[in-house]
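Participant: Provided below: coords_26.cif, containing mmCIF, C-alpha atoms and all ligand atoms.
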data_final
#
loop_
_atom_site.label_atom_id
_atom_site.label_comp_id
_atom_site.auth_asym_id
_atom_site.auth_seq_id
_atom_site.Cartn_x
_atom_site.Cartn_y
_atom_site.Cartn_z
CA MET T 1 -6.34 27.53 5.11
CA SER T 2 -8.27 26.18 8.09
CA SER T 3 -7.07 23.02 9.77
CA PRO T 4 -8.70 19.81 8.48
CA ILE T 5 -10.82 17.65 10.77
CA VAL T 6 -9.30 14.36 11.91
CA PHE T 7 -10.49 11.53 14.14
CA LEU T 8 -8.49 10.74 17.28
CA ASN T 9 -9.57 8.30 19.99
CA GLY T 10 -13.31 8.65 19.52
CA ARG T 11 -13.45 12.39 18.74
CA PHE T 12 -13.60 14.46 15.56
CA ILE T 13 -11.26 17.42 16.14
CA LEU T 14 -9.11 19.90 14.24
CA GLU T 15 -5.79 18.41 13.13
CA SER T 16 -4.03 21.38 14.73
CA GLU T 17 -5.52 20.31 18.08
CA ALA T 18 -4.86 16.56 17.76
CA LEU T 19 -2.21 15.55 20.28
CA ILE T 20 -0.84 12.22 21.51
CA PRO T 21 1.46 11.57 24.50
CA VAL T 22 5.21 11.25 23.84
CA THR T 23 5.07 7.81 25.50
CA ASP T 24 2.77 6.47 22.74
CA ARG T 25 4.27 3.17 21.63
CA GLY T 26 3.76 4.16 18.02
CA PHE T 27 6.23 7.02 18.62
CA LEU T 28 8.65 5.05 20.82
CA PHE T 29 8.62 1.62 19.11
CA ALA T 30 6.62 1.89 15.85
CA ASP T 31 4.31 -0.54 17.68
CA GLY T 32 1.25 -0.22 15.48
CA VAL T 33 -0.43 -0.82 12.13
CA TYR T 34 -2.00 1.32 9.43
CA GLU T 35 -4.23 1.32 6.35
CA VAL T 36 -4.53 3.59 3.33
CA ILE T 37 -7.89 3.55 1.54
CA ARG T 38 -8.54 5.34 -1.75
CA PHE T 39 -11.64 7.41 -2.26
CA TYR T 40 -12.82 8.57 -5.68
CA LYS T 41 -15.38 11.36 -5.90
CA GLY T 42 -15.90 10.98 -2.17
CA LYS T 43 -16.65 7.22 -2.37
CA LEU T 44 -14.38 4.63 -0.69
CA PHE T 45 -12.78 2.11 -3.07
CA GLU T 46 -12.89 -1.55 -1.88
CA PRO T 47 -13.37 -0.65 1.82
CA GLU T 48 -14.17 -4.25 2.87
CA LYS T 49 -10.79 -5.55 1.68
CA HIS T 50 -9.02 -2.84 3.70
CA VAL T 51 -11.14 -3.60 6.77
CA GLN T 52 -10.26 -7.30 6.50
CA ARG T 53 -6.55 -6.58 6.10
CA LEU T 54 -6.61 -4.19 9.08
CA ALA T 55 -8.28 -6.85 11.23
CA ARG T 56 -5.57 -9.31 10.23
CA SER T 57 -2.71 -6.86 10.95
CA LEU T 58 -4.21 -6.02 14.35
CA SER T 59 -4.68 -9.64 15.36
CA GLU T 60 -1.12 -10.54 14.27
CA LEU T 61 0.11 -7.89 16.77
CA GLU T 62 -2.48 -8.94 19.40
CA LEU T 63 -4.07 -5.49 19.27
CA PRO T 64 -7.81 -5.05 20.00
CA LEU T 65 -10.16 -5.04 17.01
CA ASP T 66 -12.54 -2.24 18.12
CA SER T 67 -11.28 0.16 15.44
CA VAL T 68 -12.10 -2.29 12.65
CA GLU T 69 -15.88 -1.80 12.88
CA LYS T 70 -15.54 1.98 13.03
CA LEU T 71 -13.10 2.42 10.13
CA VAL T 72 -15.64 2.80 7.33
CA SER T 73 -18.11 5.06 9.18
CA VAL T 74 -15.32 7.29 10.56
CA SER T 75 -13.75 7.55 7.06
CA GLU T 76 -17.08 8.45 5.45
CA SER T 77 -17.78 11.02 8.11
CA LEU T 78 -14.34 12.63 7.64
CA ILE T 79 -14.81 12.76 3.86
CA SER T 80 -18.07 14.61 4.42
CA GLN T 81 -16.83 16.89 7.24
CA ASN T 82 -13.79 17.93 5.18
CA ALA T 83 -16.01 18.60 2.12
CA PHE T 84 -14.32 15.88 0.02
CA ASP T 85 -17.65 14.50 -1.30
CA ARG T 86 -16.61 15.20 -4.89
CA ALA T 87 -12.84 14.88 -4.42
CA ASP T 88 -10.29 12.10 -5.03
CA GLY T 89 -8.11 11.34 -2.04
CA ILE T 90 -6.94 8.92 0.60
CA VAL T 91 -7.93 7.91 4.11
CA TYR T 92 -4.97 7.22 6.40
CA ALA T 93 -5.78 5.18 9.52
CA GLN T 94 -3.29 4.23 12.22
CA ILE T 95 -3.70 2.20 15.40
CA THR T 96 -0.91 1.92 17.95
CA ARG T 97 -0.69 0.05 21.25
CA GLY T 98 -1.11 3.40 23.04
CA ALA T 99 0.81 5.26 25.74
CA ALA T 100 2.72 3.40 28.45
CA PRO T 101 6.06 3.62 30.31
CA ARG T 102 8.79 2.53 27.89
CA LYS T 103 9.27 -1.24 28.21
CA HIS T 104 9.55 -3.63 25.26
CA ALA T 105 6.95 -6.23 26.31
CA PHE T 106 3.27 -5.30 25.91
CA PRO T 107 1.87 -3.05 28.68
CA VAL T 108 -1.02 -4.61 30.63
CA ASP T 109 -3.49 -1.74 30.54
CA ALA T 110 -2.61 0.67 27.68
CA ALA T 111 -5.54 2.00 25.62
CA PRO T 112 -4.79 1.85 21.86
CA THR T 113 -4.47 5.10 19.95
CA PHE T 114 -6.78 5.27 16.90
CA PHE T 115 -6.13 8.06 14.40
CA VAL T 116 -7.78 8.68 11.01
CA GLN T 117 -7.24 11.50 8.54
CA THR T 118 -8.35 12.30 4.98
CA THR T 119 -6.20 14.01 2.36
CA GLU T 120 -7.03 15.11 -1.15
CA MET T 121 -4.91 13.29 -3.77
CA LEU T 122 -5.25 13.51 -7.52
CA ARG T 123 -4.89 10.41 -9.70
CA PRO T 124 -1.39 10.19 -11.32
CA LEU T 125 -2.89 10.38 -14.82
CA GLN T 126 0.23 11.44 -16.74
CA LYS T 127 2.35 8.66 -15.22
CA LEU T 128 -0.46 6.13 -15.76
CA SER T 129 -0.34 7.03 -19.42
CA ASP T 130 3.46 7.28 -19.91
CA GLY T 131 4.71 4.61 -17.48
CA VAL T 132 7.47 4.97 -14.89
CA SER T 133 11.08 3.96 -14.17
CA LEU T 134 12.02 1.83 -11.16
CA LEU T 135 15.25 1.13 -9.28
CA LEU T 136 16.16 -2.42 -8.29
CA MET T 137 17.63 -3.06 -4.86
CA GLU T 138 18.03 -5.71 -2.20
CA ASP T 139 15.09 -6.41 0.12
CA ILE T 140 16.52 -5.91 3.62
CA ARG T 141 13.19 -6.03 5.48
CA TRP T 142 12.08 -8.43 8.22
CA GLN T 143 10.15 -11.64 7.44
CA ARG T 144 6.65 -10.42 8.40
CA CYS T 145 6.05 -8.06 5.49
CA ASP T 146 2.46 -9.41 5.42
CA ILE T 147 1.65 -7.18 8.44
CA LYS T 148 0.91 -3.57 7.47
CA SER T 149 3.14 -2.29 10.25
CA ILE T 150 4.02 1.40 10.76
CA SER T 151 7.64 0.25 11.16
CA LEU T 152 8.69 1.24 7.64
CA LEU T 153 12.37 2.21 7.86
CA PRO T 154 13.70 -0.18 5.16
CA ASN T 155 10.84 0.89 2.86
CA ILE T 156 11.64 4.56 3.54
CA LEU T 157 15.36 4.08 2.83
CA ALA T 158 14.57 2.22 -0.41
CA SER T 159 12.05 4.85 -1.47
CA GLN T 160 14.53 7.66 -0.73
CA LYS T 161 17.27 5.96 -2.78
CA ALA T 162 14.82 5.62 -5.67
CA ALA T 163 13.76 9.27 -5.38
CA GLU T 164 17.43 10.38 -5.43
CA ARG T 165 17.84 8.56 -8.77
CA ASN T 166 14.58 10.01 -10.14
CA ALA T 167 12.95 6.59 -10.06
CA TYR T 168 9.24 6.35 -9.22
CA GLU T 169 9.61 3.31 -6.97
CA ALA T 170 12.19 0.87 -5.55
CA ILE T 171 11.76 -2.76 -6.59
CA LEU T 172 13.07 -5.22 -4.03
CA HIS T 173 14.59 -8.68 -4.41
CA ARG T 174 15.73 -11.37 -1.95
CA GLU T 175 18.70 -13.27 -3.36
CA GLY T 176 17.55 -12.51 -6.89
CA TRP T 177 13.83 -13.24 -6.30
CA VAL T 178 11.66 -10.18 -6.84
CA THR T 179 9.32 -9.61 -3.88
CA GLU T 180 7.52 -6.25 -4.27
CA GLY T 181 8.06 -2.50 -4.26
CA SER T 182 8.74 -0.29 -1.24
CA ARG T 183 5.04 0.74 -1.38
CA SER T 184 3.54 -1.38 -4.17
CA ASN T 185 3.27 -4.91 -5.60
CA ILE T 186 4.77 -5.92 -8.94
CA PHE T 187 3.47 -8.07 -11.81
CA ALA T 188 5.45 -9.22 -14.87
CA LYS T 189 4.25 -11.10 -17.96
CA ILE T 190 6.86 -13.78 -18.66
CA GLY T 191 6.44 -16.34 -21.43
CA GLY T 192 2.82 -15.23 -21.89
CA ILE T 193 1.95 -15.80 -18.19
CA TRP T 194 1.45 -13.03 -15.64
CA ARG T 195 3.44 -13.67 -12.47
CA THR T 196 3.52 -12.02 -9.06
CA HIS T 197 5.06 -13.05 -5.75
CA PRO T 198 2.68 -15.25 -3.68
CA ALA T 199 0.95 -13.55 -0.75
CA ASP T 200 3.21 -15.04 1.92
CA HIS T 201 5.20 -13.34 4.71
CA PHE T 202 7.65 -11.74 2.22
CA ILE T 203 5.10 -9.28 0.78
CA LEU T 204 2.13 -7.16 1.78
CA ASN T 205 -0.95 -8.56 0.09
CA GLY T 206 -2.02 -5.32 -1.59
CA VAL T 207 -5.71 -4.59 -1.96
CA THR T 208 -4.93 -3.43 -5.50
CA ARG T 209 -3.02 -6.70 -6.08
CA MET T 210 -6.16 -8.63 -5.02
CA VAL T 211 -8.40 -6.52 -7.28
CA VAL T 212 -5.95 -7.00 -10.18
CA LEU T 213 -5.92 -10.79 -9.69
CA GLU T 214 -9.74 -10.87 -9.70
CA GLN T 215 -9.77 -8.77 -12.85
CA MET T 216 -7.10 -10.89 -14.58
CA ALA T 217 -9.27 -13.97 -13.97
CA LYS T 218 -12.31 -12.19 -15.45
CA LEU T 219 -10.28 -11.09 -18.49
CA GLY T 220 -9.06 -14.66 -19.00
CA PHE T 221 -5.36 -13.81 -18.56
CA SER T 222 -2.99 -16.63 -17.59
CA VAL T 223 -1.67 -15.82 -14.13
CA GLN T 224 0.45 -17.56 -11.50
CA GLU T 225 1.14 -16.35 -7.98
CA TYR T 226 4.70 -17.54 -8.35
CA ALA T 227 7.89 -15.57 -7.66
CA PHE T 228 10.05 -14.49 -10.60
CA SER T 229 13.73 -13.65 -10.61
CA VAL T 230 15.59 -10.54 -11.68
CA ASP T 231 16.84 -12.53 -14.71
CA ASP T 232 13.22 -13.48 -15.58
CA LEU T 233 12.45 -9.76 -15.81
CA LEU T 234 14.72 -9.55 -18.86
CA GLN T 235 12.28 -11.93 -20.62
CA ALA T 236 9.16 -10.01 -19.53
CA SER T 237 6.96 -8.49 -22.23
CA GLU T 238 4.98 -6.26 -19.82
CA VAL T 239 5.57 -5.09 -16.26
CA PHE T 240 3.50 -2.98 -13.88
CA VAL T 241 3.43 -2.03 -10.22
CA CYS T 242 0.15 -1.52 -8.37
CA SER T 243 -1.07 0.09 -5.18
CA THR T 244 -3.91 2.13 -3.73
CA THR T 245 -2.27 5.40 -4.84
CA SER T 246 -0.50 4.15 -8.01
CA GLU T 247 -3.42 2.01 -9.37
CA VAL T 248 -2.03 -0.09 -12.28
CA MET T 249 1.18 1.75 -13.15
CA PRO T 250 3.05 0.64 -16.31
CA VAL T 251 6.81 0.14 -15.90
CA ILE T 252 9.09 1.20 -18.77
CA GLU T 253 12.50 0.77 -17.13
CA ILE T 254 14.07 -0.98 -14.13
CA ALA T 255 17.59 0.35 -13.51
CA PRO T 256 20.18 -1.10 -13.80
CA LEU T 257 18.57 -3.69 -16.15
CA GLN T 258 19.34 -3.01 -19.80
CA LYS T 259 15.78 -3.20 -21.09
CA ILE T 260 13.01 -0.77 -22.03
CA TRP T 261 9.31 -1.64 -22.02
CA LYS T 262 6.24 0.06 -23.42
CA PRO T 263 2.90 0.06 -21.57
CA GLY T 264 1.36 -3.17 -22.95
CA SER T 265 -2.15 -4.09 -24.06
CA ASP T 266 -2.93 -6.25 -20.96
CA THR T 267 -1.81 -3.40 -18.70
CA ARG T 268 -4.05 -1.01 -20.62
CA LYS T 269 -7.02 -3.39 -20.23
CA LEU T 270 -6.50 -3.48 -16.44
CA GLN T 271 -6.24 0.31 -16.39
CA GLU T 272 -9.53 0.53 -18.32
CA PHE T 273 -11.19 -1.53 -15.59
CA PHE T 274 -9.93 0.94 -12.98
CA HIS T 275 -11.14 3.92 -15.03
CA SER T 276 -14.61 2.41 -15.32
CA ALA T 277 -14.78 1.21 -11.69
CA ILE T 278 -13.81 4.69 -10.51
CA GLY T 279 -16.52 6.25 -12.67
C1 LIG F 301 5.13 -2.75 0.91
C2 LIG F 301 3.84 -2.55 0.20
N1 LIG F 301 3.44 -3.47 -0.70
C3 LIG F 301 2.29 -3.33 -1.39
C4 LIG F 301 1.48 -2.22 -1.22
C5 LIG F 301 0.22 -2.08 -2.02
O1 LIG F 301 -0.90 -2.26 -1.20
P1 LIG F 301 -2.31 -1.63 -1.58
O2 LIG F 301 -2.65 -2.09 -2.95
O3 LIG F 301 -3.24 -2.17 -0.55
O4 LIG F 301 -2.15 -0.14 -1.50
C6 LIG F 301 1.85 -1.23 -0.29
C7 LIG F 301 1.01 -0.06 -0.08
O5 LIG F 301 1.30 0.81 0.69
C8 LIG F 301 3.05 -1.39 0.44
O6 LIG F 301 3.46 -0.49 1.34
#
Would you kindly transcribe this structure into structure tokens?
Ligand SMILES: Cc1ncc(COP(=O)(O)O)c(C=O)c1O
Facilitator:
Amino acid sequence: MSSPIVFLNGRFILESEALIPVTDRGFLFADGVYEVIRFYKGKLFEPEKHVQRLARSLSELELPLDSVEKLVSVSESLISQNAFDRADGIVYAQITRGAAPRKHAFPVDAAPTFFVQTTEMLRPLQKLSDGVSLLLMEDIRWQRCDIKSISLLPNILASQKAAERNAYEAILHREGWVTEGSRSNIFAKIGGIWRTHPADHFILNGVTRMVVLEQMAKLGFSVQEYAFSVDDLLQASEVFVCSTTSEVMPVIEIAPLQKIWKPGSDTRKLQEFFHSAIG
């Protein structure tokens, strides 16, 4: 198979020819941010929300914003150049502080590295129908989880532990308060009210989370952006995780909690919205 086309620092080139210096601060320090945007049948899903979040992540790290304006046009061009016009997939975009001699403080004159690639990815239809099992574990991350940083080691370790136990996702808690997943947000319906952790510095404000909240308001669901505890989960009548790649994913089990759920009617209504929005 021929190498896909990617975008690196202003040029569309073959992935096999895309190279960055070993002194790139993304490689040395994980000094950078990223975005993942869904596309369905070649069309970007909620691009503006991703652009806004990228701008926020960049400014929190004092990185230049030049890439923000280009993200949508570069993504659309890659979808077309890689013949994904009718495909479902994801755009991955990463910006780092660029190459510079290794020193912790920001370099004065480094040019940021801007990389974008597109990958075909099917919707997880079987799992969306059946629901998934999760694994609960402690949230050991830093306190700026609101920045979509490429520094993902705690998320990777949590995700790996979940994969080893055949769980779809790791669900994280801080001192008993459920924050989010290693790569998703979580909602639980407790006492008839949908709850999810507020969008503060302990979670990433997922684009899917924002879309779900908008949709819940339209559907007239009771919802509070208010943290819930691990014990509260035992009272939940419906639970789902959501993300760009998982959409609205019903949860049927959270090990080691002794409880089994079925995909509920509210969850199904939210999924219907996604099916119709995707077309
Ligand atoms: C830690 C974390 N929380 C939440 C999300 C969900 O965000 P989104 O809906 O924008 O994909 C992600 C996605 O990668 C994530 O890594």
Participant: From the list T:His50, T:Arg38, T:Arg268, T:Lys70, which residue is nearest Lys148 of chain T when using only C-alpha atoms?
Facilitator: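 Using only C-alpha atoms, Lys148 of chain T sits closest to T:His50.
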Participant: Env of Gly42 of chain T: 9 Å cut, atoms = all atoms listed in the file, seq-sep filter 4 positions within chain, self excluded. Answer as a list in words.
Facilitator: Glu76, Ile79, Ser80, Ala83, Phe84, Asp85, Arg86, Ala87, Asp88 and Gly89 of chain T
Participant: Any chance you could export the current selection's C-alpha atoms as a tab-separated table (two decimals), in the coordinates of the input?
Facilitator:
chain	number	residue	atom	x	y	z
T	76	GLU	CA	-17.08	8.45	5.45
T	79	ILE	CA	-14.81	12.76	3.86
T	80	SER	CA	-18.07	14.61	4.42
T	83	ALA	CA	-16.01	18.60	2.12
T	84	PHE	CA	-14.32	15.88	0.02
T	85	ASP	CA	-17.65	14.50	-1.30
T	86	ARG	CA	-16.61	15.20	-4.89
T	87	ALA	CA	-12.84	14.88	-4.42
T	88	ASP	CA	-10.29	12.10	-5.03
T	89	GLY	CA	-8.11	11.34	-2.04
Participant: I'd like the interatomic distance between atom CA of Leu8 of chain T and atom CA of Asn82 of chain T, to a tenth of an Å.
Facilitator: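 Answer for the atom CA of Leu8 of chain T to atom CA of Asn82 of chain T separation: 15.0 Å.
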Participant: Around ligand LIG 301 (chain F), which protein and nucleic acid residues have at least one atom no more than 9 Å from it, if we count only C-alpha atoms and all ligand atoms? List them as an mmCIF file with C-alpha atoms, in the frame of the given file.
Facilitator:
data_model
loop_
_atom_site.group_PDB
_atom_site.id
_atom_site.type_symbol
_atom_site.label_atom_id
_atom_site.label_comp_id
_atom_site.auth_asym_id
_atom_site.auth_seq_id
_atom_site.Cartn_x
_atom_site.Cartn_y
_atom_site.Cartn_z
ATOM 1 C CA GLU T 35 -4.230 1.320 6.350
ATOM 2 C CA VAL T 36 -4.530 3.590 3.330
ATOM 3 C CA ILE T 37 -7.890 3.550 1.540
ATOM 4 C CA ARG T 38 -8.540 5.340 -1.750
ATOM 5 C CA LYS T 49 -10.790 -5.550 1.680
ATOM 6 C CA HIS T 50 -9.020 -2.840 3.700
ATOM 7 C CA ARG T 53 -6.550 -6.580 6.100
ATOM 8 C CA CYS T 145 6.050 -8.060 5.490
ATOM 9 C CA ASP T 146 2.460 -9.410 5.420
ATOM 10 C CA LYS T 148 0.910 -3.570 7.470
ATOM 11 C CA LEU T 152 8.690 1.240 7.640
ATOM 12 C CA ASN T 155 10.840 0.890 2.860
ATOM 13 C CA GLU T 180 7.520 -6.250 -4.270
ATOM 14 C CA GLY T 181 8.060 -2.500 -4.260
ATOM 15 C CA SER T 182 8.740 -0.290 -1.240
ATOM 16 C CA ARG T 183 5.040 0.740 -1.380
ATOM 17 C CA SER T 184 3.540 -1.380 -4.170
ATOM 18 C CA ASN T 185 3.270 -4.910 -5.600
ATOM 19 C CA ILE T 186 4.770 -5.920 -8.940
ATOM 20 C CA ILE T 203 5.100 -9.280 0.780
ATOM 21 C CA LEU T 204 2.130 -7.160 1.780
ATOM 22 C CA ASN T 205 -0.950 -8.560 0.090
ATOM 23 C CA GLY T 206 -2.020 -5.320 -1.590
ATOM 24 C CA VAL T 207 -5.710 -4.590 -1.960
ATOM 25 C CA THR T 208 -4.930 -3.430 -5.500
ATOM 26 C CA ARG T 209 -3.020 -6.700 -6.080
ATOM 27 C CA MET T 210 -6.160 -8.630 -5.020
ATOM 28 C CA VAL T 211 -8.400 -6.520 -7.280
ATOM 29 C CA VAL T 241 3.430 -2.030 -10.220
ATOM 30 C CA CYS T 242 0.150 -1.520 -8.370
ATOM 31 C CA SER T 243 -1.070 0.090 -5.180
ATOM 32 C CA THR T 244 -3.910 2.130 -3.730
ATOM 33 C CA THR T 245 -2.270 5.400 -4.840
ATOM 34 C CA SER T 246 -0.500 4.150 -8.010
ATOM 35 C CA GLU T 247 -3.420 2.010 -9.370
#
Participant: For Thr96 of chain T, list every protein, DNA or RNA residue within 9 Å, evaluated using all atoms listed in the file, and leave out those in the same chain fewer than 2 positions away; present the list as a list in words.
Facilitator: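 Final neighbour list, sorted by chain and number: Asp24, Arg25, Gly26, Phe27, Ala30, Asp31, Gly32, Val33, Tyr34, Leu63, Gln94, Gly98, Ala99, Ala111, Pro112, Thr113, Phe114, Phe115 and Ile150 of chain T.
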Participant: Can you measure atom CA of Ile90 of chain T to atom CA of His197 of chain T for me? One decimal in Å is fine.
Facilitator: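 One can read the atom CA of Ile90 of chain T to atom CA of His197 of chain T distance as 25.8 Å.
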Participant: Can you measure atom CA of Ile171 of chain T to atom CA of Gln235 of chain T for me? One decimal in Å is fine.
Facilitator: 16.8 Å
Participant: Within 10 Å of Ser222 of chain T, counting only C-alpha atoms, which residues show up once you throw out same-chain ones fewer than 2 positions away? Write them as a list in words, please.
Facilitator: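 Final neighbour list, sorted by chain and number: Lys189, Gly192, Ile193, Trp194, Arg195, Met216, Ala217, Leu219, Gly220 and Gln224 of chain T.
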Participant: Lys259 of chain T: which residues within 8 Å, counting all atoms listed in the file, same-chain residues fewer than 3 positions away excluded, as a PyMOL selection string?
Facilitator: chain T and resi 234+253-254
Participant: Those same residues - C-alpha atoms - I'd like them written as an mmCIF file, in the frame of the given file.
Facilitator:
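Result file follows (out_4.cif):
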data_model
loop_
_atom_site.group_PDB
_atom_site.id
_atom_site.type_symbol
_atom_site.label_atom_id
_atom_site.label_comp_id
_atom_site.auth_asym_id
_atom_site.auth_seq_id
_atom_site.Cartn_x
_atom_site.Cartn_y
_atom_site.Cartn_z
ATOM 1 C CA LEU T 234 14.720 -9.550 -18.860
ATOM 2 C CA GLU T 253 12.500 0.770 -17.130
ATOM 3 C CA ILE T 254 14.070 -0.980 -14.130
#
Participant: Find the residue from T:Leu78, T:Asp231, T:Pro198, T:Glu60 that sits nearest to Glu15 of chain T; use all atoms listed in the file when measuring.
Facilitator: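 Looking only at the distances to Glu15 of chain T, the closest residue turns out to be T:Leu78.
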Participant: Counting all atoms listed in the file, which residue out of T:Trp177, T:Phe106, T:Trp261, T:Phe273 sits closest to Val230 of chain T?
Facilitator: T:Trp177
Participant: Name the closest residue to Ala170 of chain T among the candidates T:Ala227, T:Val251, T:Ala110, T:Met121; distances are taken between atoms, counting only C-alpha atoms.
Facilitator: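 Using only C-alpha atoms, Ala170 of chain T sits closest to T:Val251.
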Participant: Closest to Ile95 of chain T among T:Arg56, T:Glu46, T:Asn9, T:Thr118, using only C-alpha atoms?
Facilitator: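 Between T:Arg56, T:Glu46, T:Asn9, T:Thr118, the residue approaching Ile95 of chain T most closely is T:Asn9.
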Participant: Env of Glu238 of chain T: 10 Å cut, atoms = all atoms listed in the file, seq-sep filter 5 positions within chain, self excluded. Answer as a PDB file with C-alpha atoms, in the coordinates of the input.
Facilitator:
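Now in around23.pdb:
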ATOM      1  CA  PHE T 187       3.470  -8.070 -11.810  1.00  0.00           C
ATOM      2  CA  ALA T 188       5.450  -9.220 -14.870  1.00  0.00           C
ATOM      3  CA  LYS T 189       4.250 -11.100 -17.960  1.00  0.00           C
ATOM      4  CA  ILE T 190       6.860 -13.780 -18.660  1.00  0.00           C
ATOM      5  CA  GLY T 192       2.820 -15.230 -21.890  1.00  0.00           C
ATOM      6  CA  TRP T 194       1.450 -13.030 -15.640  1.00  0.00           C
ATOM      7  CA  LEU T 233      12.450  -9.760 -15.810  1.00  0.00           C
ATOM      8  CA  PRO T 250       3.050   0.640 -16.310  1.00  0.00           C
ATOM      9  CA  VAL T 251       6.810   0.140 -15.900  1.00  0.00           C
ATOM     10  CA  ILE T 252       9.090   1.200 -18.770  1.00  0.00           C
ATOM     11  CA  ILE T 260      13.010  -0.770 -22.030  1.00  0.00           C
ATOM     12  CA  TRP T 261       9.310  -1.640 -22.020  1.00  0.00           C
ATOM     13  CA  LYS T 262       6.240   0.060 -23.420  1.00  0.00           C
ATOM     14  CA  PRO T 263       2.900   0.060 -21.570  1.00  0.00           C
ATOM     15  CA  GLY T 264       1.360  -3.170 -22.950  1.00  0.00           C
ATOM     16  CA  SER T 265      -2.150  -4.090 -24.060  1.00  0.00           C
ATOM     17  CA  ASP T 266      -2.930  -6.250 -20.960  1.00  0.00           C
ATOM     18  CA  THR T 267      -1.810  -3.400 -18.700  1.00  0.00           C
TER      19      THR T 267
END
Participant: For Arg174 of chain T, which residue among T:Arg123, T:His275, T:Lys43, T:Arg141 is the nearest when counting all atoms listed in the file?
Facilitator: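 Nearest to Arg174 of chain T: T:Arg141.
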